[in-house]
Amino acid sequence: MKIKFVLILLFVFSALMISTMNAEERVIFDGTAGNLRLVIDQTGKITTLEDVSTGENYISRKEVCYLLECGMYSGDSTTVLQPISAKAVKKETGGTEIELSCGEGITLTVLITPKQDWFRMELVKAEPVAEVSYVTWGPYRTTMRGQIAEWLGMNRSDDFAIGLLSLEPNTDAAPRTAASYTGEGSLIQLSAYDHTRGRFIVVQNNELNTFDKLRKAVPIPKLTTVGSAVALYGCPSGRKTELNVIEKIVLAEGLPHPTYEGVWNKYTDAGKQFCLWANYNEKNFAEYLNLARALNTRILCIRSNMMSNWGHFDINPGVYPGGISAILEDSKEAKKSNIGLTLYTLTTFLKPNPAPEPYISPVPDDRLQTWKPETKLAGNISATDTAIAVQNGKDVEAVIKSTRVIRVDNEMIRFKNFTVEGDRILIKECQRGAFHTQATEHKDQSRIRLMVFSGYDNFYPGTLDMSNECSDRLSDILLQADIDNFIVDGYESCFETGYGTYTGNIFLKNLFEKLARNNKEILTTTSLFTNYSWHFMSHVSWGEGDRDRGFRFSMLDYRLSRQLELGRNLMPGKMGQYGGASDATAEDINWVMALSTGWDSGVDFVMDTKSIKNNPEYEQVVETFSLWEQAKAEKAFSEYQKMLLRQSDVIYKLTRKVDGGWDLKFDRRWQNEKVKILPSSVMNATPVNGGAESVKPLSIDWSWTHNPALYNEVGLSDDLVSHADGNETSWKVTFPPYTENPKAWFHTDSRHFQYVIRVPENASSAVKNFRVCVNGKAIEIPATLQPGQYLSIPHLVEIACIYDKNHQVLSEVYLHGVIQHVQKGQTATVALSCESVEKDTSPEVIMNIRCQNGYYYHR
């Protein structure tokens with residue numbers, strides 16, 4: 001027996017030794033940079049992404065992660081290729097070259113160079129390069145379940161972060177796709193594209209590597225995937241440590257590093273400071289400047305009427321008859337009070353506004369973006385014909401459905417509808433000589449270009465150089481008028497050239513380089529950003545007014561979700577513009593200032609001098625606003641107080657003490673008085689596996705949600721009763737139909753799935769680890785509720801708030817995952833599971849599902 005046992009031990013030991021030796025042979029790269037260890041095997045897979053301080057490997061256990069994947073041109077489509085094998089060659093100049101064989105004759109060579117805190121990874125060779133449509137760094141799937149940075153490209157655990165940062169403008173991700181959640185954890189990824197063949201790259205949220213066969217992009221010679229480069233880094237999680245590592249990368253790699261008043265735009269609070277939006281002009285500028293001074297404004301923003309056209313950006317003589325020199329004089333006067341002026345743009349939207357835009361008239365620029373299909377006239381037309389027959393060729397009908405403007409020779413023609421008549425299409429109700437072009441007669445068979453035309457009555461640049469011309473003119477205005485704040489609204493217009501995010505990155509890169517050469521610093525806000533354009537943005541600010549429901553109801557869910565999004569992407573916070581601020585009450589101002597203080601965010605108001613002066617509470621409004629701004633500037637609030645102020649259904653009062661300190665007191669809770677409360681029966685909750693006792697009559701009201709009912713109608717389901725035994729209890733729940741206001745912004749059929757979960761006061765144990773599943777999609781809440789406590793998800797924000805029995809907020813917990821959606825009129829399957837903290841007990845847990853209709857904004 002002893003001999004047999006010894007033989008078994010020797011066999012196991014030998015097997016382990018052989019396994020270890022084989023594993024070592026399979027590793028072709030094993031390096032450390034700062035806090036991150038990276039290991040790559042002989043098939044090109046990343047096998048280790050390790051926090052060296054703890055030894056924890058965060059790489060996915062379930063999914064394969066390749067160093068680099070690629071797409072190969074295959075006719076009109078693309079074939080995705082992954083490495084089959086890999087080999088490494090150390091370079092005398094430093095770093096290691098990894099040669100990836102991907103099959104189909106494609107070989108990719110990546111140079112990996114460990115730096116102080118990151119791995120620099122660059123595609124230095126692709127063979128044959130002309131066959132590579134795109135490359136993707138990743139997706140690198142991890143087991144990390146903390147807050148992702150979907151724009152910046154970062155995954156987080158409770159104490160570690162792993163990020164992927166583009167090092168050049170052709171390497172990027174579509175908005176919100178640089179990081180995303182997976183069933184196991186999360187992932188990071190970036191892509192680079194070949195632009196030599198004129199393939200139109202579609203940029204959409206949550207989509208990568210999508211191409212539009214009906215659109216065209218002008219080929220850019222020599223701009224291939226070679227040269228694509230990223231920084232892969234790991235560091236302890238936390239805003240301070242993450243920004244510290246990123247700034248090191250930015251400075252060492254020569255990435256954009258904009259500053260304002262000498263401070264990096266990710267550290268300065270200047271962008272968070274109050275901005276007054278107004279339709280001022282040269283004549284009444286002094287009135288608005290006085291209002292800005294009274295409100296302690298940092299930024300004064302003229303809205304979109306300063307330009308008489310978009311593209312050439314000529315100053316509107318009806319607004320500023322003195323032109324750029326008059327704007328400069330106003331800028332100088334404002335700076336005496338430490339107030340900066342703003343250049344508002346819609347980026348590369350091209351249109352008359354109302355003066356003619358030279359790119360469009362009198363002769364349209366041939367570089368304007370058009371659809372790929374073209375057609376011809378099917379007969380002669382006069383200069384006054386309003387019904388025009390055109391040839392119906394391949395894909396022409398599909399494009400005609402998507403546009404309402406055609407170009408015949410040098411005339412723009414706008415039409416309202418069309419009919420298909422066999423091999424002809426008859427376009428009707430034509431506006432001849434549209435957009436200041438000249439209506440003329442045209443011959444049969446004249447060339448027709450189908451224009452790319454948007455809902456803002458605008459066209460787009462079709463080439464990179466045309467986009468850069470817009471960038472160059474805007475930088476001139478910023479310099480000539482000494483403007484401090486630049487608004488890049490409509491930034492998505494840069495995607496219309498077809499080069500993915502590359503055009504927008506170059507647009508901003510050129511602008512900032514020109515400003516830097518002239519020692520000009522600016523603040524920049526935008527409608528969206530990407531992994532690469534993140535560097536240029538100092539803040540993001542957007543918001544619309546709600547004329548029907550008033551000041552407090554203006555897109556609050558969106559505004560709060562944006563604060564969380566900005567925070568996890570290491571951007572300063574901003575609540576956006578509040579329209580109708582001139583008519584707001586002092587309590588309205590008190591409420592929004594408290595809320596923005598809680599989120600460490602700035603806020604902007606849209607005002608006009610006449611309306612605000614007629615506000616009966618004008619003096620109180622100014623006093624209330626100034627009081628909060630002073631307290632924020634003095635950093636008067638603790639983190640606990642900020643959490644209290646983040647509760648949107650509470651009004652707090654702030655006063656200055658005699659000794660100069662601050663006194664913050666609870667005033668009252670509030671709720672929309674006009675909201676319709678739906679009975680619980682409309683949700684028709686029925687048990688699936690818990691029996692009749694798992695559904696009981698509703699025993700709470702809407703106030704338990706801690707949402708001030710910012711909708712047209714709201715309701716809660718009956719009590720859904722489960723037990724904390726680790727098993728799922730399931731129900732069927734119906735979300736009632738609802739007819740949205742067609743004029744509401746972005747209304748959809750989807751509903752965010754939110755709820756209240758309670759542990760009764762007489763429960764035998766605390767309860768932890770909540771998991772809520774809706775139609776198979778799960779979200780986890782890593783919280784512990786003591787008896788008598790409950791949690792709610794008040795807004796469309798991945799944060800659950802925990803309350804005591806007196807409805808006082810105790811803490812906040814980030815959700816693991818994204819709030820699920822259901823459809824109105826849909827019956828959903830809902831499941832809840834959780835665990836008892838104490839052994840051998842399974843206390844009762846109650847869930848009430850929310851129903852809300854009449855959203856002002858949907859994420």
# chains A, B, ... in the order shown; residues from 1 in each chain; ligands from 1
>>> select_by_dssp(residues="stretch 171-401 of chain A", states="helix (DSSP H, G or I)", output="count of residues only")
46
>>> select_by_dssp(residues="stretch 541-761 of chain A", states="strand (DSSP E or B)", output="count of residues only")
56
>>> residues_around(residues="stretch 480-489 of chain A", least_positions_apart="4", cutoff="6 Å", atoms="only C-alpha atoms", output="ChimeraX atom specification")
/A:327-328,340-347,476,522-527
>>> closest_residue(among="A:Tyr711, A:Tyr578, A:Tyr288, A:Tyr134", to="A:Ile339", atoms="only C-alpha atoms")
A:Tyr288
>>> residues_around(residues="A:Lys824", least_positions_apart="3", cutoff="12 Å", atoms="only C-alpha atoms", output="list in words")
Val682, Met683, Val733, Thr734, Phe735, Pro736, Pro737, Tyr738, Thr739, Glu740, His747, Thr748, Asp749, Ser750, Arg751, His752, Phe753, His821, Thr827, Ala828, Cys851, Gln852, Asn853 and Gly854 of chain A
>>> residues_around(residues="stretch 429-444 of chain A", least_positions_apart="6", cutoff="10 Å", atoms="only C-alpha atoms", output="VMD selection string")
chain A and resid 351 to 352 354 to 358 360 to 364 376 to 390 404 to 418 457 to 458
>>> closest_atom_pairs(of="stretch 74-173 of chain A", to="stretch 256-267 of chain A", cutoff="12 Å", atoms="only C-alpha atoms", output="CSV")
residue,atom,partner,partner_atom,distance
A:Ser166,CA,A:Pro256,CA,11.3
A:Leu167,CA,A:Pro256,CA,9.8
A:Glu168,CA,A:Pro256,CA,10.0
A:Pro169,CA,A:Pro256,CA,10.5
>>> write_last_selection(atoms="C-alpha atoms", output="mmCIF file, in the first residue's frame")
data_model
loop_
_atom_site.group_PDB
_atom_site.id
_atom_site.type_symbol
_atom_site.label_atom_id
_atom_site.label_comp_id
_atom_site.auth_asym_id
_atom_site.auth_seq_id
_atom_site.Cartn_x
_atom_site.Cartn_y
_atom_site.Cartn_z
ATOM 1 C CA SER A 166 -6.882 55.593 -27.124
ATOM 2 C CA LEU A 167 -3.516 57.119 -28.021
ATOM 3 C CA GLU A 168 -4.445 58.436 -31.477
ATOM 4 C CA PRO A 169 -7.580 59.834 -33.174
#
>>> closest_residue(among="A:Asp423, A:Glu150, A:Glu798, A:Glu617", to="A:Trp534", atoms="only C-alpha atoms")
A:Glu150
>>> residues_around(residues="A:Ser596", least_positions_apart="3", cutoff="9 Å", atoms="only C-alpha atoms", output="list in words")
Gly573, Lys574, Met575, Trp591, Val592, Met593, Trp599, Asp600, Ser601, Gly602, Val603, Leu645 and Arg646 of chain A
>>> residues_around(residues="stretch 53-62 of chain A", least_positions_apart="3", cutoff="12 Å", atoms="only C-alpha atoms", output="JSON, numbers by chain")
{"A": [32, 34, 35, 36, 37, 38, 39, 40, 45, 46, 47, 48, 49, 50, 65, 66, 138, 139, 140, 141, 142, 143, 144, 145, 155, 156, 157, 159, 160, 161, 162, 182, 183, 184, 185, 186, 187, 188, 234, 235, 236]}
>>> closest_residue(among="A:Phe536, A:Ala709, A:Leu479, A:Gln641", to="A:Asn518", atoms="only C-alpha atoms")
A:Leu479
>>> atom_distance(atom1="atom CA of A:Gly567", atom2="atom CA of A:Tyr814")
12.5 Å
>>> decode(residues="stretch 342-365 of chain A", atoms="N, CA and C atoms", output="short mmCIF file (atom, residue, chain, number, x, y, z; two decimals), in the first residue's frame")
data_model
loop_
_atom_site.label_atom_id
_atom_site.label_comp_id
_atom_site.auth_asym_id
_atom_site.auth_seq_id
_atom_site.Cartn_x
_atom_site.Cartn_y
_atom_site.Cartn_z
N THR A 342 -19.60 83.11 -24.39
CA THR A 342 -19.72 81.77 -24.97
C THR A 342 -19.91 81.82 -26.48
N LEU A 343 -19.29 80.86 -27.16
CA LEU A 343 -19.57 80.61 -28.57
C LEU A 343 -20.39 79.32 -28.65
N TYR A 344 -21.67 79.47 -29.00
CA TYR A 344 -22.55 78.31 -29.16
C TYR A 344 -22.56 77.88 -30.63
N THR A 345 -22.36 76.60 -30.87
CA THR A 345 -22.38 76.08 -32.24
C THR A 345 -23.16 74.78 -32.29
N LEU A 346 -23.57 74.43 -33.50
CA LEU A 346 -24.07 73.10 -33.78
C LEU A 346 -23.02 72.34 -34.60
N THR A 347 -21.76 72.60 -34.27
CA THR A 347 -20.59 71.92 -34.84
C THR A 347 -20.60 72.04 -36.36
N THR A 348 -20.86 70.95 -37.08
CA THR A 348 -20.80 71.03 -38.54
C THR A 348 -22.18 70.91 -39.19
N PHE A 349 -23.23 71.30 -38.47
CA PHE A 349 -24.52 71.49 -39.15
C PHE A 349 -24.33 72.65 -40.13
N LEU A 350 -24.78 72.48 -41.37
CA LEU A 350 -24.63 73.51 -42.40
C LEU A 350 -26.02 73.97 -42.84
N LYS A 351 -26.29 75.29 -42.68
CA LYS A 351 -27.61 75.80 -43.05
C LYS A 351 -27.63 77.32 -43.06
N PRO A 352 -28.58 77.92 -43.80
CA PRO A 352 -28.83 79.35 -43.65
C PRO A 352 -29.44 79.60 -42.28
N ASN A 353 -29.14 80.79 -41.67
CA ASN A 353 -29.65 81.01 -40.30
C ASN A 353 -29.86 82.50 -39.97
N PRO A 354 -30.56 83.31 -40.71
CA PRO A 354 -31.35 83.00 -41.90
C PRO A 354 -30.63 83.39 -43.20
N ALA A 355 -29.45 84.02 -43.08
CA ALA A 355 -28.72 84.47 -44.27
C ALA A 355 -28.21 83.26 -45.05
N PRO A 356 -27.94 83.40 -46.33
CA PRO A 356 -27.43 82.28 -47.13
C PRO A 356 -26.13 81.71 -46.57
N GLU A 357 -25.98 80.41 -46.70
CA GLU A 357 -24.76 79.73 -46.31
C GLU A 357 -23.96 79.44 -47.59
N PRO A 358 -22.76 80.00 -47.73
CA PRO A 358 -21.99 79.84 -48.98
C PRO A 358 -21.68 78.41 -49.38
N TYR A 359 -21.68 77.48 -48.43
CA TYR A 359 -21.48 76.08 -48.81
C TYR A 359 -22.68 75.55 -49.61
N ILE A 360 -23.84 76.22 -49.46
CA ILE A 360 -25.08 75.72 -50.06
C ILE A 360 -25.53 76.56 -51.25
N SER A 361 -25.30 77.86 -51.18
CA SER A 361 -25.76 78.74 -52.25
C SER A 361 -24.75 79.88 -52.46
N PRO A 362 -24.73 80.50 -53.64
CA PRO A 362 -25.64 80.23 -54.78
C PRO A 362 -25.35 78.93 -55.52
N VAL A 363 -24.09 78.45 -55.42
CA VAL A 363 -23.73 77.18 -56.05
C VAL A 363 -23.34 76.20 -54.96
N PRO A 364 -24.07 75.10 -54.81
CA PRO A 364 -23.74 74.15 -53.75
C PRO A 364 -22.32 73.59 -53.90
N ASP A 365 -21.64 73.48 -52.77
CA ASP A 365 -20.30 72.90 -52.75
C ASP A 365 -20.39 71.41 -53.06
#
